[in-house]
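The file my_file-v2.cif comes next; it holds mmCIF, C-alpha atoms.
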```
data_upload
loop_
_atom_site.label_atom_id
_atom_site.label_comp_id
_atom_site.auth_asym_id
_atom_site.auth_seq_id
_atom_site.Cartn_x
_atom_site.Cartn_y
_atom_site.Cartn_z
CA MET E 264 153.51 4.38 145.16
CA LYS E 265 156.79 4.06 147.07
CA ARG E 266 155.98 1.94 150.12
CA ILE E 267 153.87 -1.22 150.15
CA GLY E 268 152.95 -3.85 152.71
CA ILE E 269 152.38 -7.58 152.46
CA LEU E 270 150.62 -10.10 154.68
CA THR E 271 149.49 -13.71 154.61
CA SER E 272 146.19 -14.68 156.17
CA GLY E 273 144.04 -17.72 156.77
CA GLY E 274 145.35 -21.23 156.22
CA ASP E 275 148.95 -21.50 155.08
CA ALA E 276 149.77 -22.90 151.66
CA PRO E 277 153.01 -24.08 150.03
CA GLY E 278 154.24 -21.24 147.82
CA MET E 279 153.24 -18.37 150.10
CA ASN E 280 156.89 -17.72 150.90
CA ALA E 281 157.71 -17.71 147.20
CA ALA E 282 155.03 -15.06 146.69
CA ILE E 283 156.36 -12.92 149.58
CA ARG E 284 159.83 -13.21 148.08
CA ALA E 285 158.59 -12.17 144.64
CA VAL E 286 156.70 -9.14 145.96
CA THR E 287 159.65 -8.04 148.06
CA ARG E 288 162.36 -8.42 145.45
CA LYS E 289 160.29 -7.03 142.58
CA ALA E 290 159.32 -4.00 144.66
CA ILE E 291 162.93 -3.34 145.71
CA TYR E 292 163.99 -3.71 142.07
CA GLU E 293 161.41 -1.02 141.22
CA GLY E 294 162.80 1.29 143.91
CA MET E 295 160.01 0.71 146.44
CA GLU E 296 160.11 -0.14 150.14
CA VAL E 297 158.39 -3.27 151.43
CA TYR E 298 156.96 -3.91 154.88
CA GLY E 299 156.02 -7.37 156.10
CA ILE E 300 153.07 -7.71 158.44
CA ASN E 301 153.20 -10.64 160.85
CA TYR E 302 150.14 -12.76 161.72
CA GLY E 303 147.82 -11.46 159.02
CA PHE E 304 145.11 -8.96 159.82
CA ALA E 305 145.65 -9.52 163.55
CA GLY E 306 149.23 -8.30 163.20
CA LEU E 307 148.08 -5.41 161.01
CA VAL E 308 145.76 -4.09 163.70
CA ALA E 309 148.42 -4.68 166.37
CA GLY E 310 151.07 -2.86 164.33
CA ASP E 311 153.33 -5.93 164.13
CA ILE E 312 155.05 -4.58 161.03
CA ARG E 313 158.68 -4.58 159.90
CA ARG E 314 160.63 -3.54 156.86
CA LEU E 315 161.78 -6.35 154.58
CA ASP E 316 165.08 -6.29 152.73
CA LEU E 317 166.57 -8.63 150.12
CA ALA E 318 168.22 -10.80 152.76
CA ASP E 319 164.93 -11.27 154.62
CA VAL E 320 163.48 -13.26 151.74
CA GLY E 321 166.62 -15.22 150.90
CA ASP E 322 166.44 -19.01 151.30
CA LYS E 323 162.63 -18.84 151.40
CA ILE E 324 161.41 -19.87 147.95
CA GLN E 325 161.65 -23.59 148.76
CA ARG E 326 160.08 -23.43 152.21
CA GLY E 327 156.49 -24.38 152.97
CA GLY E 328 154.20 -22.40 155.28
CA THR E 329 154.66 -18.65 155.64
CA PHE E 330 157.51 -16.92 157.43
CA LEU E 331 155.20 -13.93 158.04
CA TYR E 332 152.94 -16.33 159.97
CA SER E 333 149.17 -16.37 159.84
CA ALA E 334 146.26 -16.07 162.23
CA ARG E 335 142.49 -16.02 162.22
CA TYR E 336 141.12 -12.59 163.08
CA PRO E 337 137.31 -12.42 162.76
CA GLU E 338 137.34 -8.90 164.25
CA PHE E 339 138.57 -7.60 160.89
CA ALA E 340 135.07 -8.27 159.55
CA THR E 341 133.91 -5.26 161.57
CA GLN E 342 134.34 -1.67 160.41
CA GLU E 343 136.10 -0.86 163.67
CA GLY E 344 138.75 -3.52 162.99
CA GLN E 345 139.19 -2.38 159.40
CA LEU E 346 139.70 1.26 160.35
CA LYS E 347 142.24 0.27 162.99
CA GLY E 348 144.15 -1.61 160.32
CA ILE E 349 144.12 1.36 157.96
CA GLU E 350 145.30 3.57 160.81
CA GLN E 351 148.36 1.34 161.26
CA LEU E 352 149.06 1.33 157.53
CA LYS E 353 149.02 5.11 157.47
CA LYS E 354 151.20 5.23 160.59
CA PHE E 355 153.91 3.28 158.74
CA GLY E 356 153.39 5.24 155.54
CA ILE E 357 152.26 2.14 153.65
CA GLU E 358 150.41 3.21 150.52
CA GLY E 359 149.24 -0.15 149.21
CA LEU E 360 148.82 -3.68 150.51
CA VAL E 361 149.26 -7.16 149.04
CA VAL E 362 147.09 -9.79 150.74
CA ILE E 363 147.93 -13.45 150.15
CA GLY E 364 145.32 -15.98 151.22
CA GLY E 365 141.97 -17.56 150.61
CA ASP E 366 138.36 -16.46 150.74
CA GLY E 367 138.49 -14.86 154.19
CA SER E 368 141.69 -12.99 153.31
CA TYR E 369 140.09 -11.72 150.11
CA HIS E 370 137.14 -10.38 152.07
CA GLY E 371 139.59 -8.44 154.23
CA ALA E 372 141.20 -7.00 151.09
CA MET E 373 137.76 -6.18 149.72
CA ALA E 374 136.87 -4.33 152.94
CA LEU E 375 140.01 -2.19 152.61
CA THR E 376 139.08 -1.51 149.00
CA LYS E 377 135.64 -0.30 150.01
CA HIS E 378 137.31 2.11 152.42
CA GLY E 379 139.33 3.46 149.49
CA TYR E 380 142.61 1.78 150.46
CA PRO E 381 144.53 0.13 147.56
CA ALA E 382 144.73 -3.63 148.17
CA VAL E 383 145.63 -6.45 145.80
CA GLY E 384 144.70 -10.07 146.49
CA ILE E 385 146.89 -13.05 145.59
CA PRO E 386 145.12 -16.43 145.81
CA GLY E 387 147.01 -18.62 148.27
CA THR E 388 145.08 -21.68 149.46
CA ILE E 389 145.40 -25.41 148.90
CA ASP E 390 141.62 -25.67 148.37
CA ASN E 391 141.69 -23.97 144.94
CA ASP E 392 138.31 -22.43 145.75
CA ILE E 393 138.88 -18.77 144.81
CA PRO E 394 136.92 -17.21 141.93
CA GLY E 395 138.81 -15.42 139.18
CA THR E 396 141.61 -17.95 138.86
CA ASP E 397 141.98 -21.46 137.49
CA TYR E 398 144.56 -22.34 140.15
CA THR E 399 145.62 -21.03 143.53
CA ILE E 400 149.08 -21.07 145.10
CA GLY E 401 149.51 -24.32 147.05
CA PHE E 402 146.97 -26.40 145.16
CA ASP E 403 149.47 -28.21 142.93
CA THR E 404 151.67 -29.12 145.89
CA ALA E 405 148.68 -30.31 147.90
CA ILE E 406 147.35 -32.66 145.24
CA ASN E 407 150.82 -34.12 144.73
CA THR E 408 151.09 -34.72 148.48
CA VAL E 409 147.75 -36.55 148.41
CA LEU E 410 148.81 -38.46 145.31
CA ASP E 411 151.93 -39.71 147.06
CA ALA E 412 149.78 -40.93 149.95
CA LEU E 413 147.34 -42.64 147.58
CA ASP E 414 150.16 -44.51 145.85
CA ARG E 415 151.46 -45.73 149.20
CA ILE E 416 148.03 -46.69 150.54
CA ARG E 417 147.30 -48.64 147.36
CA ASP E 418 150.25 -50.94 148.16
CA THR E 419 148.91 -51.93 151.57
CA ALA E 420 145.30 -52.03 150.35
CA THR E 421 146.28 -54.54 147.66
CA SER E 422 148.35 -56.62 150.07
CA HIS E 423 145.39 -57.07 152.42
CA VAL E 424 142.51 -56.84 149.90
CA ARG E 425 141.03 -53.84 151.66
CA THR E 426 138.90 -50.81 150.91
CA PHE E 427 140.47 -47.56 152.02
CA VAL E 428 138.64 -44.29 152.59
CA ILE E 429 141.15 -41.44 152.33
CA GLU E 430 139.80 -38.22 153.84
CA VAL E 431 141.40 -35.04 152.49
CA MET E 432 140.93 -31.34 153.19
CA GLY E 433 138.17 -29.45 151.42
CA ARG E 434 135.27 -28.21 153.54
CA GLY E 435 133.40 -26.36 150.82
CA ALA E 436 135.35 -27.37 147.73
CA GLY E 437 136.30 -30.76 146.40
CA ASP E 438 139.14 -29.85 144.05
CA ILE E 439 141.84 -31.59 146.10
CA ALA E 440 139.86 -34.83 146.25
CA LEU E 441 138.83 -34.52 142.61
CA TRP E 442 142.25 -33.91 141.06
CA ALA E 443 144.20 -36.23 143.34
CA GLY E 444 141.53 -38.90 142.93
CA VAL E 445 141.75 -38.85 139.14
CA ALA E 446 145.56 -38.82 139.23
CA GLY E 447 145.63 -41.66 141.75
CA GLY E 448 143.14 -43.89 139.95
CA ALA E 449 140.57 -43.72 142.75
CA ASP E 450 137.60 -46.04 142.51
CA ASP E 451 135.31 -43.31 143.80
CA ILE E 452 135.59 -39.61 144.56
CA ILE E 453 133.17 -38.02 147.02
CA ILE E 454 132.95 -34.21 146.91
CA PRO E 455 130.53 -31.55 148.22
CA GLU E 456 129.63 -30.38 144.72
CA HIS E 457 128.22 -33.71 143.54
CA ASP E 458 125.62 -35.99 145.13
CA PHE E 459 126.43 -39.63 145.76
CA ASP E 460 124.51 -42.79 146.63
CA MET E 461 126.15 -44.98 149.29
CA LYS E 462 124.37 -48.05 147.98
CA GLU E 463 125.85 -47.40 144.54
CA VAL E 464 129.32 -46.96 146.07
CA ALA E 465 128.96 -50.35 147.75
CA GLU E 466 127.76 -51.98 144.55
CA ARG E 467 130.78 -50.64 142.63
CA ILE E 468 133.14 -52.02 145.27
CA GLN E 469 131.48 -55.43 145.08
CA GLN E 470 131.61 -55.44 141.28
CA GLY E 471 135.34 -54.83 141.49
CA ARG E 472 135.80 -57.68 143.94
CA ASP E 473 133.73 -60.01 141.80
CA ARG E 474 136.14 -59.53 138.92
CA GLY E 475 139.15 -60.09 141.16
CA LYS E 476 140.19 -56.57 142.09
CA LYS E 477 142.42 -56.56 145.17
CA HIS E 478 141.96 -53.01 146.41
CA CYS E 479 139.52 -50.09 146.45
CA LEU E 480 140.43 -46.44 147.06
CA ILE E 481 137.76 -43.89 147.88
CA VAL E 482 138.90 -40.26 148.14
CA LEU E 483 136.59 -38.23 150.37
CA ALA E 484 136.51 -34.45 150.79
CA GLU E 485 136.05 -33.60 154.47
CA GLY E 486 133.19 -31.21 153.64
CA VAL E 487 130.92 -34.14 152.81
CA MET E 488 131.46 -36.01 156.09
CA GLY E 489 134.31 -37.48 158.11
CA GLY E 490 136.09 -40.61 156.94
CA ASN E 491 135.01 -42.69 159.93
CA GLU E 492 131.38 -41.68 159.49
CA PHE E 493 131.57 -42.58 155.81
CA ALA E 494 133.07 -46.00 156.62
CA ALA E 495 130.34 -46.66 159.17
CA LYS E 496 127.62 -45.86 156.64
CA LEU E 497 129.33 -47.98 154.00
CA ALA E 498 129.41 -50.92 156.43
CA GLU E 499 125.60 -50.95 156.39
CA TYR E 500 125.82 -52.37 152.86
CA GLY E 501 128.41 -55.07 153.51
CA ASP E 502 131.78 -55.91 154.98
CA PHE E 503 134.39 -54.45 152.65
CA HIS E 504 137.31 -54.67 155.13
CA THR E 505 137.35 -50.89 155.21
CA ARG E 506 140.08 -48.78 156.75
CA VAL E 507 140.22 -45.00 157.04
CA SER E 508 143.20 -42.69 156.52
CA ILE E 509 142.75 -39.03 157.44
CA LEU E 510 145.51 -37.00 155.81
CA GLY E 511 144.54 -33.75 157.53
CA HIS E 512 147.08 -30.95 157.82
CA ILE E 513 149.90 -32.95 156.27
CA VAL E 514 148.45 -31.81 152.93
CA ARG E 515 149.17 -28.16 153.78
CA GLY E 516 152.86 -28.58 154.50
CA GLY E 517 156.00 -29.34 152.58
CA SER E 518 158.20 -27.71 150.00
CA PRO E 519 156.18 -26.16 147.15
CA SER E 520 156.22 -27.76 143.73
CA ALA E 521 157.94 -26.09 140.79
CA ARG E 522 154.55 -25.04 139.41
CA ASP E 523 153.55 -23.40 142.69
CA ARG E 524 156.88 -21.57 142.94
CA VAL E 525 156.57 -20.21 139.40
CA LEU E 526 152.91 -19.30 139.87
CA ALA E 527 153.67 -17.50 143.14
CA SER E 528 156.54 -15.62 141.51
CA LYS E 529 154.34 -14.50 138.63
CA PHE E 530 151.53 -13.42 140.94
CA GLY E 531 153.90 -11.52 143.24
CA GLY E 532 155.62 -9.68 140.43
CA TYR E 533 152.31 -8.71 138.84
CA ALA E 534 150.94 -7.44 142.16
CA VAL E 535 153.84 -5.01 142.41
CA ASP E 536 153.27 -3.85 138.83
CA LEU E 537 149.66 -3.04 139.69
CA LEU E 538 150.48 -1.15 142.89
CA LYS E 539 153.25 0.76 141.15
CA GLU E 540 150.54 2.08 138.83
CA ASN E 541 148.40 2.92 141.90
CA LYS E 542 145.91 0.21 140.98
CA GLY E 543 144.15 -1.46 143.89
CA GLY E 544 140.89 -3.24 144.57
CA LEU E 545 142.01 -6.13 142.39
CA CYS E 546 142.55 -9.86 142.70
CA ILE E 547 145.13 -11.68 140.61
CA GLY E 548 144.57 -15.00 138.93
CA ILE E 549 145.59 -17.25 136.09
CA GLU E 550 143.08 -18.04 133.35
CA ASN E 551 144.00 -20.15 130.35
CA GLU E 552 147.66 -19.81 131.41
CA GLN E 553 147.49 -16.01 131.32
CA ILE E 554 147.96 -13.85 134.42
CA VAL E 555 144.92 -11.60 134.89
CA ALA E 556 143.52 -9.12 137.39
CA ARG E 557 139.83 -8.71 138.17
CA ASP E 558 137.84 -6.34 140.35
CA ILE E 559 137.89 -7.96 143.77
CA ILE E 560 134.44 -6.73 144.81
CA ASP E 561 132.86 -7.99 141.60
CA MET E 562 134.63 -11.35 141.92
CA LEU E 563 133.56 -12.01 145.50
CA GLU E 564 130.02 -10.71 145.21
CA ASN E 565 129.04 -12.09 141.82
CA TYR E 566 131.14 -15.18 141.14
CA LYS E 567 131.81 -18.52 142.76
CA HIS E 568 134.49 -21.08 142.06
CA LYS E 569 133.19 -24.18 140.31
CA PRO E 570 135.10 -27.45 140.12
CA ASP E 571 135.72 -29.16 136.80
CA LEU E 572 132.99 -31.78 137.07
CA SER E 573 134.03 -33.26 133.75
CA LEU E 574 136.89 -34.78 135.78
CA TYR E 575 134.32 -36.38 138.06
CA GLN E 576 132.55 -38.00 135.12
CA LEU E 577 135.87 -39.02 133.58
CA ASN E 578 136.84 -40.81 136.78
CA ARG E 579 133.53 -42.67 136.79
CA GLU E 580 134.25 -43.89 133.29
CA LEU E 581 137.86 -44.85 134.00
CA SER E 582 137.21 -46.62 137.30
CA VAL E 583 134.83 -49.27 135.90
#
```

Output the file's structure in the form of structure tokens.
Amino acid sequence: MKRIGILTSGGDAPGMNAAIRAVTRKAIYEGMEVYGINYGFAGLVAGDIRRLDLADVGDKIQRGGTFLYSARYPEFATQEGQLKGIEQLKKFGIEGLVVIGGDGSYHGAMALTKHGYPAVGIPGTIDNDIPGTDYTIGFDTAINTVLDALDRIRDTATSHVRTFVIEVMGRGAGDIALWAGVAGGADDIIIPEHDFDMKEVAERIQQGRDRGKKHCLIVLAEGVMGGNEFAAKLAEYGDFHTRVSILGHIVRGGSPSARDRVLASKFGGYAVDLLKENKGGLCIGIENEQIVARDIIDMLENYKHKPDLSLYQLNRELSV
């Protein structure tokens, strides 16, 4: 394989640029040509494709977001959209494709695989909700961003003896809330993967106040409900001087952490190794600190990411 393409799709994540850089420089080192595709699958179908050289990925490893841009493109779920994309790849002589993104991006890569086109998926999403990997690119940066916010909110919560509900991203997965909540000493963590009792939440807050605790932090994954709705329901059980902070898209941005930069570099380099050997239809991950590749169809059709619920129980025990 002498010419490969790369695109980023779905929500951006810190470390995507580091992965693009790694793919590009590793491929050039191996004597291959690299073509960047702007705006994900939408740009692929539109033929918004350009050759990348060493200079194009310089000064990118530390930057958040994705310099190849991203876009939602539901039309790629159709066979017509997929075949149009393959037509553009063939037009540019691109023999294999690296797709960086989350679940939707992986399904696009899987569709190309089913059409016989070599595609390799790299997990890039702050949600950490991709099967076949312990961690995704962007997750470490995201939880550290939330942690910084929690530490700051704790100061004002203590000063005013308030309860704060901090809503974080995570529609279908609670990993951001779970990990940041444990690291930030949250009094409660509310995630989609675990049921909760609002009355019990209220009782735990009151128990803390009764023993003189000056603050309460509740980290809420947006997939459960919105922060304001949660606060309104909590108010039915008492006045806890509750305030809501919705972190929103701030969690997606910012310079990637050292761990995310290294992880992205490892993933990118390994993706090139696979394509060089004409291996496609794979998704890359890290399991027990080892870089692995799994069949992308098998991963998406037969496996689902599961959060480490032992962390949830641990937080319950530590936040007494």

Please evaluate the PyMOL selection byres ((chain E and resi 573-578) around 8) against the structure above and give the resulting residues as a ChimeraX atom specification. /E:441-442,444-445,448-452,571-572,579-582

For Gln553 in chain E, list every protein, DNA or RNA residue within 12 Å, evaluated using all atoms listed in the file, and leave out those in the same chain fewer than 2 positions away; present the list as a list of chain:residue names. E:Gly395, E:Thr396, E:Asp397, E:Tyr398, E:Leu526, E:Lys529, E:Phe530, E:Tyr533, E:Ile547, E:Gly548, E:Ile549, E:Glu550, E:Asn551, E:Val555, E:Ala556

Care to translate the PyMOL selection byres ((chain E and resi 356) around 12) into actual residues of this file, as a VMD selection string? chain E and resid 264 to 268 296 to 298 312 to 314 349 to 355 357 to 360

Restricting the calculation to all atoms listed in the file, which member of E:Arg522, E:His478, E:His370, E:Lys377 is positioned closest to Ser422 in chain E?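 Closest residue, counting all atoms listed in the file: E:His478.
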
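CA of Pro455 in chain E to CA of Thr388 in chain E spans 17.6 Å [interatomic distance, one decimal].
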
Counting only C-alpha atoms, what is within 8 Å of Ile416 in chain E, bar same-chain residues fewer than 4 positions away, as an MDAnalysis selection string? chainID E and resid 412 420 427
